[in-house]
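Next comes data.tsv, with TSV, C-alpha atoms.
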chain	number	residue	atom	x	y	z
A	1	MET	CA	0.00	0.00	0.00
A	2	SER	CA	1.36	3.43	-0.88
A	3	ILE	CA	2.51	5.82	1.80
A	4	LYS	CA	-0.15	8.24	0.59
A	5	THR	CA	-2.87	5.66	1.26
A	6	LEU	CA	-1.38	4.71	4.62
A	7	ILE	CA	-1.34	8.33	5.72
A	8	GLU	CA	-4.88	8.87	4.47
A	9	GLN	CA	-6.20	5.73	6.15
A	10	ARG	CA	-4.47	6.11	9.53
A	11	ILE	CA	-6.86	6.87	12.33
A	12	SER	CA	-6.27	7.46	16.01
A	13	CYS	CA	-7.86	4.23	17.14
A	14	ASN	CA	-9.87	4.23	20.36
A	15	TYR	CA	-11.21	0.67	20.28
A	16	PHE	CA	-8.94	-2.32	19.91
A	17	ASP	CA	-9.65	-6.03	19.70
A	18	PRO	CA	-8.66	-7.20	23.22
A	19	GLU	CA	-8.12	-10.77	21.99
A	20	HIS	CA	-5.45	-9.75	19.51
A	21	THR	CA	-1.82	-10.08	20.51
A	22	LEU	CA	1.48	-9.26	18.86
A	23	GLY	CA	4.59	-11.39	18.99
A	24	ASP	CA	7.93	-10.04	20.14
A	25	ALA	CA	9.25	-10.18	16.56
A	26	ASP	CA	6.57	-7.76	15.37
A	27	ILE	CA	7.17	-5.45	18.31
A	28	LYS	CA	10.90	-5.45	17.64
A	29	GLU	CA	10.32	-4.74	13.96
A	30	LEU	CA	8.12	-1.76	14.83
A	31	VAL	CA	10.81	-0.32	17.09
A	32	ARG	CA	13.59	-1.08	14.61
A	33	LEU	CA	11.73	0.92	11.98
A	34	ALA	CA	10.93	3.70	14.47
A	35	THR	CA	14.62	4.13	15.26
A	36	LEU	CA	15.36	4.77	11.59
A	37	ALA	CA	13.71	8.15	12.11
A	38	PRO	CA	16.11	11.09	12.12
A	39	SER	CA	17.28	12.77	15.30
A	40	ALA	CA	19.54	15.76	15.98
A	41	TYR	CA	23.16	14.74	15.37
A	42	ASN	CA	21.78	11.21	14.88
A	43	GLY	CA	21.77	11.21	18.67
A	44	GLN	CA	18.90	8.69	18.87
A	45	ASN	CA	17.84	10.18	22.17
A	46	TRP	CA	14.94	7.82	22.73
A	47	ARG	CA	13.91	4.63	24.44
A	48	PHE	CA	10.86	2.44	23.99
A	49	ILE	CA	9.11	0.39	26.61
A	50	ALA	CA	6.75	-2.17	25.09
A	51	VAL	CA	4.00	-2.72	27.64
A	52	GLN	CA	2.41	-6.04	26.77
A	53	SER	CA	1.98	-8.14	29.91
A	54	ALA	CA	-1.42	-8.04	31.61
A	55	SER	CA	0.06	-6.75	34.85
A	56	ALA	CA	2.12	-4.02	33.23
A	57	LYS	CA	-0.90	-2.91	31.20
A	58	GLN	CA	-2.90	-2.57	34.42
A	59	ASN	CA	-0.11	-0.49	35.91
A	60	LEU	CA	-0.05	1.74	32.84
A	61	LEU	CA	-3.84	2.05	32.89
A	62	LYS	CA	-3.64	3.53	36.40
A	63	HIS	CA	-1.59	6.42	35.05
A	64	ALA	CA	-3.58	6.82	31.82
A	65	TYR	CA	-6.78	8.00	33.48
A	66	GLY	CA	-8.38	4.62	32.89
A	67	GLN	CA	-8.40	4.85	29.11
A	68	GLY	CA	-9.20	1.26	28.23
A	69	LYS	CA	-7.31	1.19	24.95
A	70	VAL	CA	-4.10	0.92	26.95
A	71	ALA	CA	-5.24	-2.47	28.19
A	72	ASP	CA	-7.11	-3.62	25.09
A	73	ALA	CA	-4.40	-2.94	22.52
A	74	ALA	CA	-1.86	-5.69	21.95
A	75	VAL	CA	0.93	-3.41	23.09
A	76	SER	CA	1.34	0.12	24.39
A	77	PHE	CA	4.68	1.74	23.78
A	78	ILE	CA	5.98	4.28	26.22
A	79	VAL	CA	8.05	6.44	23.90
A	80	CYS	CA	10.70	8.16	26.00
A	81	GLY	CA	12.86	11.07	24.95
A	82	ARG	CA	16.30	11.42	26.51
A	83	LEU	CA	17.64	14.70	27.87
A	84	ASP	CA	21.27	13.59	27.61
A	85	LEU	CA	21.68	13.57	23.84
A	86	HIS	CA	25.05	15.30	24.18
A	87	THR	CA	26.57	12.98	26.76
A	88	GLY	CA	25.16	9.93	25.00
A	89	LEU	CA	26.26	11.02	21.55
A	90	ALA	CA	29.61	9.21	21.42
A	91	GLN	CA	27.80	5.91	21.95
A	92	ALA	CA	25.11	6.80	19.41
A	93	LEU	CA	27.67	7.68	16.73
A	94	ALA	CA	30.05	4.78	17.39
A	95	PRO	CA	28.39	2.48	14.80
A	96	SER	CA	28.64	5.22	12.14
A	97	VAL	CA	32.34	5.69	12.89
A	98	SER	CA	32.96	1.92	12.89
A	99	ALA	CA	31.19	1.64	9.54
A	100	GLY	CA	33.51	4.28	8.07
A	101	ILE	CA	30.59	6.65	7.35
A	102	LEU	CA	31.64	9.29	9.88
A	103	LYS	CA	35.32	10.18	10.08
A	104	PRO	CA	36.48	10.21	13.73
A	105	GLU	CA	37.41	13.91	13.49
A	106	LEU	CA	33.92	14.78	12.29
A	107	ALA	CA	32.36	12.73	15.07
A	108	GLU	CA	34.53	14.66	17.53
A	109	ASN	CA	33.30	17.93	16.04
A	110	MET	CA	29.72	16.79	16.39
A	111	LEU	CA	30.30	15.95	20.05
A	112	HIS	CA	31.73	19.41	20.55
A	113	TYR	CA	28.81	21.19	18.91
A	114	ALA	CA	26.22	19.02	20.64
A	115	ASN	CA	27.83	19.80	23.97
A	116	GLU	CA	27.71	23.51	23.16
A	117	ALA	CA	24.06	23.22	22.21
A	118	TYR	CA	22.74	21.18	25.13
A	119	HIS	CA	25.10	21.36	28.12
A	120	ASN	CA	23.31	23.20	30.94
A	121	GLN	CA	20.43	23.99	28.57
A	122	PRO	CA	17.48	22.15	30.11
A	123	GLN	CA	14.87	23.72	27.82
A	124	ARG	CA	16.80	22.78	24.69
A	125	GLN	CA	17.34	19.30	26.06
A	126	ARG	CA	13.63	18.92	26.65
A	127	ASP	CA	12.70	20.35	23.24
A	128	GLU	CA	15.07	17.92	21.52
A	129	ALA	CA	13.84	14.96	23.56
A	130	ILE	CA	10.25	15.69	22.55
A	131	ARG	CA	11.20	16.33	18.92
A	132	SER	CA	13.24	13.16	18.46
A	133	ALA	CA	10.78	10.93	20.29
A	134	SER	CA	7.91	12.37	18.24
A	135	LEU	CA	9.69	11.73	14.94
A	136	ALA	CA	10.26	8.13	16.00
A	137	ALA	CA	6.66	7.86	17.24
A	138	MET	CA	5.21	8.95	13.90
A	139	THR	CA	7.46	6.52	12.07
A	140	LEU	CA	6.28	3.74	14.36
A	141	MET	CA	2.62	4.58	13.75
A	142	LEU	CA	3.02	4.55	9.97
A	143	ALA	CA	5.06	1.34	10.13
A	144	ALA	CA	2.23	-0.20	12.16
A	145	GLN	CA	-0.27	0.98	9.57
A	146	GLY	CA	1.85	-0.73	6.92
A	147	MET	CA	1.59	-3.97	8.91
A	148	GLY	CA	-2.19	-3.72	8.91
A	149	LEU	CA	-2.29	-2.58	12.52
A	150	ALA	CA	-4.06	0.37	14.12
A	151	SER	CA	-2.50	2.79	16.57
A	152	CYS	CA	-3.30	5.67	18.87
A	153	PRO	CA	-0.90	8.33	20.13
A	154	MET	CA	-1.73	9.46	23.64
A	155	THR	CA	-0.48	12.42	25.61
A	156	GLY	CA	-3.27	12.24	28.17
A	157	PHE	CA	-1.43	10.42	30.94
A	158	ASP	CA	0.30	11.22	34.22
A	159	ALA	CA	3.92	11.63	33.15
A	160	THR	CA	5.25	11.52	36.70
A	161	GLY	CA	3.29	8.41	37.50
A	162	VAL	CA	4.44	6.65	34.33
A	163	ALA	CA	8.04	7.65	34.97
A	164	GLU	CA	7.92	6.22	38.49
A	165	GLU	CA	5.95	3.09	37.66
A	166	PHE	CA	8.24	2.12	34.78
A	167	GLU	CA	11.41	3.34	36.45
A	168	LEU	CA	12.49	5.88	33.87
A	169	SER	CA	15.87	7.38	34.58
A	170	ALA	CA	16.22	11.04	35.53
A	171	GLU	CA	17.37	11.66	31.95
A	172	GLU	CA	14.20	10.29	30.38
A	173	ILE	CA	10.78	11.81	29.89
A	174	PRO	CA	7.72	9.91	28.66
A	175	VAL	CA	6.85	11.90	25.52
A	176	MET	CA	3.95	9.83	24.27
A	177	LEU	CA	2.14	6.55	24.63
A	178	ILE	CA	1.31	4.68	21.45
A	179	THR	CA	-1.16	1.86	21.58
A	180	VAL	CA	-0.85	-0.64	18.73
A	181	GLY	CA	-3.15	-3.51	17.90
A	182	LYS	CA	-6.08	-4.62	15.80
A	183	SER	CA	-8.89	-2.14	15.29
A	184	ALA	CA	-12.28	-3.13	16.70
A	185	ALA	CA	-15.67	-1.73	15.67
A	186	ASN	CA	-17.02	1.79	16.25
A	187	ASN	CA	-13.85	3.77	15.75
A	188	TRP	CA	-14.12	7.26	14.36
A	189	PRO	CA	-13.08	7.78	10.75
A	190	GLN	CA	-10.12	10.07	10.21
A	191	LYS	CA	-11.32	13.52	11.21
A	192	PRO	CA	-11.31	16.30	8.64
A	193	ARG	CA	-8.54	18.84	8.83
A	194	LYS	CA	-8.30	22.59	8.48
A	195	THR	CA	-8.10	23.77	4.90
A	196	LEU	CA	-4.64	24.22	3.38
A	197	ASN	CA	-5.28	27.96	3.21
A	198	GLU	CA	-5.35	28.02	6.99
A	199	VAL	CA	-2.03	26.27	7.49
A	200	LEU	CA	0.17	26.84	4.45
A	201	ASP	CA	1.90	29.98	3.23
A	202	PHE	CA	4.42	30.41	0.46
A	203	ALA	CA	7.50	32.62	0.70
B	1	MET	CA	7.15	1.15	-2.56
B	2	SER	CA	6.34	-0.24	0.89
B	3	ILE	CA	6.48	1.93	3.99
B	4	LYS	CA	9.20	-0.40	5.32
B	5	THR	CA	11.37	0.30	2.29
B	6	LEU	CA	10.66	4.04	2.43
B	7	ILE	CA	11.69	4.17	6.08
B	8	GLU	CA	14.79	2.10	5.40
B	9	GLN	CA	15.81	4.20	2.41
B	10	ARG	CA	15.19	7.66	3.87
B	11	ILE	CA	18.35	9.61	4.50
B	12	SER	CA	18.91	13.06	5.92
B	13	CYS	CA	20.01	14.61	2.66
B	14	ASN	CA	22.77	17.22	2.73
B	15	TYR	CA	23.24	17.76	-1.00
B	16	PHE	CA	20.37	18.65	-3.29
B	17	ASP	CA	20.20	19.24	-7.02
B	18	PRO	CA	19.96	23.05	-7.17
B	19	GLU	CA	18.36	22.92	-10.64
B	20	HIS	CA	15.42	20.89	-9.43
B	21	THR	CA	12.20	22.69	-8.60
B	22	LEU	CA	8.84	21.62	-7.24
B	23	GLY	CA	5.50	22.93	-8.40
B	24	ASP	CA	2.95	24.38	-6.01
B	25	ALA	CA	0.73	21.33	-6.47
B	26	ASP	CA	3.44	19.02	-5.13
B	27	ILE	CA	4.15	21.34	-2.23
B	28	LYS	CA	0.47	21.50	-1.37
B	29	GLU	CA	0.18	17.72	-1.55
B	30	LEU	CA	3.10	17.33	0.85
B	31	VAL	CA	1.48	19.67	3.35
B	32	ARG	CA	-1.94	18.11	2.91
B	33	LEU	CA	-0.49	14.73	3.80
B	34	ALA	CA	1.53	16.21	6.68
B	35	THR	CA	-1.63	17.63	8.21
B	36	LEU	CA	-3.18	14.16	8.32
B	37	ALA	CA	-0.77	13.45	11.18
B	38	PRO	CA	-2.39	13.22	14.59
B	39	SER	CA	-2.29	16.05	17.11
B	40	ALA	CA	-3.59	16.42	20.65
B	41	TYR	CA	-7.39	16.85	20.55
B	42	ASN	CA	-6.97	17.01	16.76
B	43	GLY	CA	-5.92	20.59	17.49
B	44	GLN	CA	-3.72	20.79	14.38
B	45	ASN	CA	-1.53	23.32	16.15
B	46	TRP	CA	0.84	23.82	13.25
B	47	ARG	CA	1.59	26.03	10.27
B	48	PHE	CA	3.87	25.50	7.31
B	49	ILE	CA	5.78	28.13	5.40
B	50	ALA	CA	7.06	26.83	2.06
B	51	VAL	CA	10.20	28.80	1.30
B	52	GLN	CA	10.77	28.47	-2.42
B	53	SER	CA	11.57	31.88	-3.92
B	54	ALA	CA	15.24	32.72	-4.40
B	55	SER	CA	15.00	35.78	-2.19
B	56	ALA	CA	13.21	34.00	0.65
B	57	LYS	CA	15.75	31.17	0.49
B	58	GLN	CA	18.55	33.68	0.90
B	59	ASN	CA	16.77	35.15	3.90
B	60	LEU	CA	16.37	31.72	5.43
B	61	LEU	CA	20.01	30.88	4.72
B	62	LYS	CA	21.09	33.84	6.84
B	63	HIS	CA	19.41	32.28	9.86
B	64	ALA	CA	20.48	28.71	9.09
B	65	TYR	CA	24.19	29.30	9.65
B	66	GLY	CA	24.82	29.27	5.91
B	67	GLN	CA	23.86	25.63	5.40
B	68	GLY	CA	23.60	25.54	1.62
B	69	LYS	CA	20.95	22.86	1.43
B	70	VAL	CA	18.41	25.49	2.42
B	71	ALA	CA	19.09	27.29	-0.85
B	72	ASP	CA	19.78	24.25	-3.04
B	73	ALA	CA	16.69	22.23	-2.16
B	74	ALA	CA	13.56	22.91	-4.17
B	75	VAL	CA	11.72	24.01	-1.04
B	76	SER	CA	12.42	24.44	2.64
B	77	PHE	CA	9.48	24.16	4.95
B	78	ILE	CA	9.45	26.11	8.17
B	79	VAL	CA	7.34	23.81	10.32
B	80	CYS	CA	5.79	25.92	13.05
B	81	GLY	CA	4.11	24.66	16.17
B	82	ARG	CA	1.37	26.76	17.73
B	83	LEU	CA	1.16	27.48	21.44
B	84	ASP	CA	-2.55	28.29	21.32
B	85	LEU	CA	-3.97	24.84	20.69
B	86	HIS	CA	-6.67	25.42	23.30
B	87	THR	CA	-7.89	28.78	22.02
B	88	GLY	CA	-7.70	27.57	18.41
B	89	LEU	CA	-9.43	24.28	19.07
B	90	ALA	CA	-12.99	25.33	18.25
B	91	GLN	CA	-11.86	26.27	14.74
B	92	ALA	CA	-9.84	23.08	14.38
B	93	LEU	CA	-12.75	20.88	15.38
B	94	ALA	CA	-15.42	22.73	13.40
B	95	PRO	CA	-15.06	20.53	10.28
B	96	SER	CA	-15.42	17.38	12.43
B	97	VAL	CA	-18.59	18.75	14.00
B	98	SER	CA	-19.97	19.82	10.62
B	99	ALA	CA	-19.26	16.36	9.23
B	100	GLY	CA	-21.26	14.80	12.07
B	101	ILE	CA	-18.22	12.91	13.38
B	102	LEU	CA	-17.98	14.84	16.62
B	103	LYS	CA	-21.17	15.58	18.50
B	104	PRO	CA	-21.29	19.25	19.52
B	105	GLU	CA	-21.43	18.30	23.24
B	106	LEU	CA	-18.30	16.21	22.89
B	107	ALA	CA	-16.53	19.02	21.07
B	108	GLU	CA	-17.51	21.30	23.95
B	109	ASN	CA	-16.07	18.82	26.42
B	110	MET	CA	-12.84	18.68	24.46
B	111	LEU	CA	-12.58	22.47	24.52
B	112	HIS	CA	-13.06	22.37	28.27
B	113	TYR	CA	-10.36	19.76	28.84
B	114	ALA	CA	-7.92	21.38	26.44
B	115	ASN	CA	-8.38	24.66	28.25
B	116	GLU	CA	-7.70	22.96	31.57
B	117	ALA	CA	-4.58	21.37	30.14
B	118	TYR	CA	-3.00	24.36	28.41
B	119	HIS	CA	-4.38	27.63	29.78
B	120	ASN	CA	-1.55	29.44	31.59
B	121	GLN	CA	0.69	26.40	31.10
B	122	PRO	CA	3.49	27.69	28.88
B	123	GLN	CA	5.67	24.58	29.21
B	124	ARG	CA	2.81	22.27	28.26
B	125	GLN	CA	1.92	24.56	25.36
B	126	ARG	CA	5.49	24.43	24.12
B	127	ASP	CA	5.75	20.65	24.56
B	128	GLU	CA	2.56	20.16	22.59
B	129	ALA	CA	3.63	22.55	19.84
B	130	ILE	CA	6.88	20.66	19.37
B	131	ARG	CA	5.16	17.29	19.54
B	132	SER	CA	2.43	18.09	17.00
B	133	ALA	CA	4.77	19.84	14.59
B	134	SER	CA	7.22	16.94	14.78
B	135	LEU	CA	4.52	14.36	14.02
B	136	ALA	CA	3.51	16.39	10.98
B	137	ALA	CA	7.17	16.86	9.99
B	138	MET	CA	7.86	13.13	9.99
B	139	THR	CA	4.74	12.49	7.96
B	140	LEU	CA	5.87	15.11	5.46
B	141	MET	CA	9.32	13.53	5.13
B	142	LEU	CA	7.92	10.07	4.49
B	143	ALA	CA	5.38	11.47	2.05
B	144	ALA	CA	8.25	13.17	0.22
B	145	GLN	CA	10.16	9.89	0.16
B	146	GLY	CA	7.10	8.28	-1.40
B	147	MET	CA	7.18	10.92	-4.13
B	148	GLY	CA	10.79	10.04	-4.92
B	149	LEU	CA	12.09	13.14	-3.16
B	150	ALA	CA	14.80	13.54	-0.56
B	151	SER	CA	14.52	15.56	2.62
B	152	CYS	CA	16.49	16.84	5.56
B	153	PRO	CA	15.15	17.86	8.97
B	154	MET	CA	17.11	20.72	10.51
B	155	THR	CA	17.10	22.08	14.02
B	156	GLY	CA	20.37	23.97	13.57
B	157	PHE	CA	19.00	27.44	12.89
B	158	ASP	CA	18.41	30.69	14.74
B	159	ALA	CA	14.82	30.34	15.89
B	160	THR	CA	14.49	34.00	16.84
B	161	GLY	CA	15.91	35.14	13.50
B	162	VAL	CA	13.58	32.84	11.56
B	163	ALA	CA	10.58	33.95	13.59
B	164	GLU	CA	11.33	37.60	12.90
B	165	GLU	CA	12.29	37.18	9.24
B	166	PHE	CA	9.17	35.20	8.39
B	167	GLU	CA	6.89	37.15	10.71
B	168	LEU	CA	5.74	34.29	12.89
B	169	SER	CA	3.07	35.30	15.37
B	170	ALA	CA	3.77	35.34	19.09
B	171	GLU	CA	1.86	32.06	19.30
B	172	GLU	CA	4.12	30.24	16.83
B	173	ILE	CA	7.53	28.66	17.26
B	174	PRO	CA	9.67	27.35	14.41
B	175	VAL	CA	10.07	23.71	15.45
B	176	MET	CA	12.01	22.42	12.49
B	177	LEU	CA	13.12	23.21	8.97
B	178	ILE	CA	12.64	20.50	6.37
B	179	THR	CA	14.39	20.82	3.07
B	180	VAL	CA	12.82	18.82	0.23
B	181	GLY	CA	14.15	18.28	-3.24
B	182	LYS	CA	16.10	15.95	-5.47
B	183	SER	CA	19.13	14.26	-3.99
B	184	ALA	CA	22.49	15.12	-5.57
B	185	ALA	CA	25.69	13.07	-5.35
B	186	ASN	CA	27.86	12.44	-2.29
B	187	ASN	CA	25.18	12.13	0.33
B	188	TRP	CA	25.79	9.89	3.29
B	189	PRO	CA	23.96	6.57	3.39
B	190	GLN	CA	21.52	6.11	6.22
B	191	LYS	CA	23.66	5.92	9.35
B	192	PRO	CA	23.53	2.80	11.48
B	193	ARG	CA	21.53	2.92	14.66
B	194	LYS	CA	22.00	1.70	18.19
B	195	THR	CA	21.10	-1.95	18.69
B	196	LEU	CA	17.55	-2.74	19.75
B	197	ASN	CA	18.90	-3.99	23.07
B	198	GLU	CA	19.99	-0.46	23.84
B	199	VAL	CA	16.63	1.16	23.16
B	200	LEU	CA	13.87	-1.40	23.72
B	201	ASP	CA	12.58	-2.97	26.92
B	202	PHE	CA	9.56	-5.14	27.46
B	203	ALA	CA	7.21	-4.82	30.41

Rewrite the structure from the file as structure tokens, please.
Amino acid sequence: MSIKTLIEQRISCNYFDPEHTLGDADIKELVRLATLAPSAYNGQNWRFIAVQSASAKQNLLKHAYGQGKVADAAVSFIVCGRLDLHTGLAQALAPSVSAGILKPELAENMLHYANEAYHNQPQRQRDEAIRSASLAAMTLMLAAQGMGLASCPMTGFDATGVAEEFELSAEEIPVMLITVGKSAANNWPQKPRKTLNEVLDFA
Amino acid sequence: MSIKTLIEQRISCNYFDPEHTLGDADIKELVRLATLAPSAYNGQNWRFIAVQSASAKQNLLKHAYGQGKVADAAVSFIVCGRLDLHTGLAQALAPSVSAGILKPELAENMLHYANEAYHNQPQRQRDEAIRSASLAAMTLMLAAQGMGLASCPMTGFDATGVAEEFELSAEEIPVMLITVGKSAANNWPQKPRKTLNEVLDFA
């Protein structure tokens, strides 16, 4: 199916088939594809927690204001953004250096500039964590759509509660939940959008 | 081409064919597809400025630290996130109400909750602006890939300079630039990523 069709058919799914499950291989493939999203400096400042066990789903539900889709969907991803892009960058770039794509001197330069950009800059760190995690999240949702699955991005949850319950580090913030599974009946169609005139200008 | 292949083949393109141009219809189609991305409450708290004229590209270049791709690519989108999701929500939801998808009472409830979430909450407003704009940005990049085009997301620019130069309103922040055009030679391949073990946990 073309990307155009996938984008046009994606809905934010509220009702999932609670009997449907996803194997670890499918979950891993979704996250593998999500991590091919771009991030600043290729810093990959994200982490994914795949909530799939019945007990973990119940724990997540407590912090998601009881929204049942968290329990009904085959899996709910907690998409975390990391605040420590700059200190984690050497590790993130190591495979590119090993592969001969990034020259070591250039990688060193990137570390320098990333440190200048983010060291002691909590707002920039947070912005970048949200940006990178969101790019990966959208990629994951479209990859799921391509696998015939439905998804729902959720920001309506208690971030502090989720962070504590799932033991996020101090460097991680839960940017979004994404439920993924098989669509059940009675979901809304994709909602109409503002006209292009309202959101697009040429310069 | 499958979404999997598009995701795997997408690169952050540094070198664009400067002779290649895009017509307004293609630019509009890219933004139309981008706006089918999800956003909190379907608030669509984004705006896109398609920088395509030679003079506007030069103005953008000044605030993008001279990164030539801004001028060489057929178009550079300034993807703006809006801080006023809650006050703009009635307008954003109007087409869904008109189409009979959202009952008016439910739309009213959504306005109420959005106001509770964002009114006088500048950090939440900013988070949501970055999140929504990034979801749309990723959708735009994959849509471009599906049209045989290359793209590059950029956060390395002077946000204040861009906001002034392109007359963003006080409610808008430039979340990302996305250059779109035809790939030239000498671009990097897609860089390798961290292993799944480093970024995925099951719960």

For the contact check between chain B and chain A, emit one row per residue of chain B within 6 Å, containing the shortest atom pair and the distance in Å rounded to one decimal, counting only C-alpha atoms, chain then rising number order, as a tab-separated table.
residue	atom	partner	partner_atom	distance
B:Ile3	CA	A:Ile3	CA	6.0
B:Arg47	CA	A:Val199	CA	4.6
B:Phe48	CA	A:Leu200	CA	4.9
B:Ile49	CA	A:Asp201	CA	4.8
B:Ala50	CA	A:Phe202	CA	4.7
B:Val51	CA	A:Ala203	CA	4.7
B:Ala56	CA	A:Ala203	CA	5.9
B:Pro95	CA	A:Pro192	CA	5.9
B:Ser96	CA	A:Pro192	CA	5.7
B:Arg131	CA	A:Ser134	CA	5.8
B:Ser134	CA	A:Leu135	CA	5.8
B:Leu135	CA	A:Met138	CA	5.5
B:Met138	CA	A:Leu135	CA	5.5
B:Lys191	CA	A:Ser96	CA	5.8
B:Pro192	CA	A:Ser96	CA	5.7
B:Val199	CA	A:Arg47	CA	4.6
B:Leu200	CA	A:Phe48	CA	4.9
B:Asp201	CA	A:Ile49	CA	4.8
B:Phe202	CA	A:Ala50	CA	4.7
B:Ala203	CA	A:Val51	CA	4.7

Within 9 Å of Ala114 (chain A) using only C-alpha atoms, minus same-chain residues under 2 positions, as JSON, numbers by chain: {"A": [40, 41, 85, 86, 87, 89, 109, 110, 111, 112, 116, 117, 118, 119]}

Might you pull out every residue within 9 Å of Glu19 (chain A), with only C-alpha atoms counted and same-chain residues fewer than 6 positions away left off, and present them as number ranges by chain? A: 72-74, 182

With a distance cut-off of 7 Å and only C-alpha atoms, select the neighbouring residues of region 58-64 of chain B, excluding the residue or stretch itself and same-chain residues fewer than 6 positions from it, and output the selection as a ChimeraX atom specification. /B:70-71,156-158,161-162

Work out how far CA of Ala90 (chain B) is from CA of Asn187 (chain A), in Å to one decimal.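 Going from CA of Asn187 (chain A) over to CA of Ala90 (chain B) covers 21.7 Å.
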
Could you jot down the CA of Asp17 (chain B) to CA of Gly181 (chain B) separation for me, Å, one decimal place? 7.2 Å

Quick one: distance from CA of Cys13 (chain A) to CA of Ser151 (chain A) in Å, one decimal? 5.6 Å

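Here the question is which of B:Leu149, B:Leu177, B:Ala159, B:Ala184 gets nearest to Asp26 (chain B) using only C-alpha atoms, and that residue is B:Leu149.
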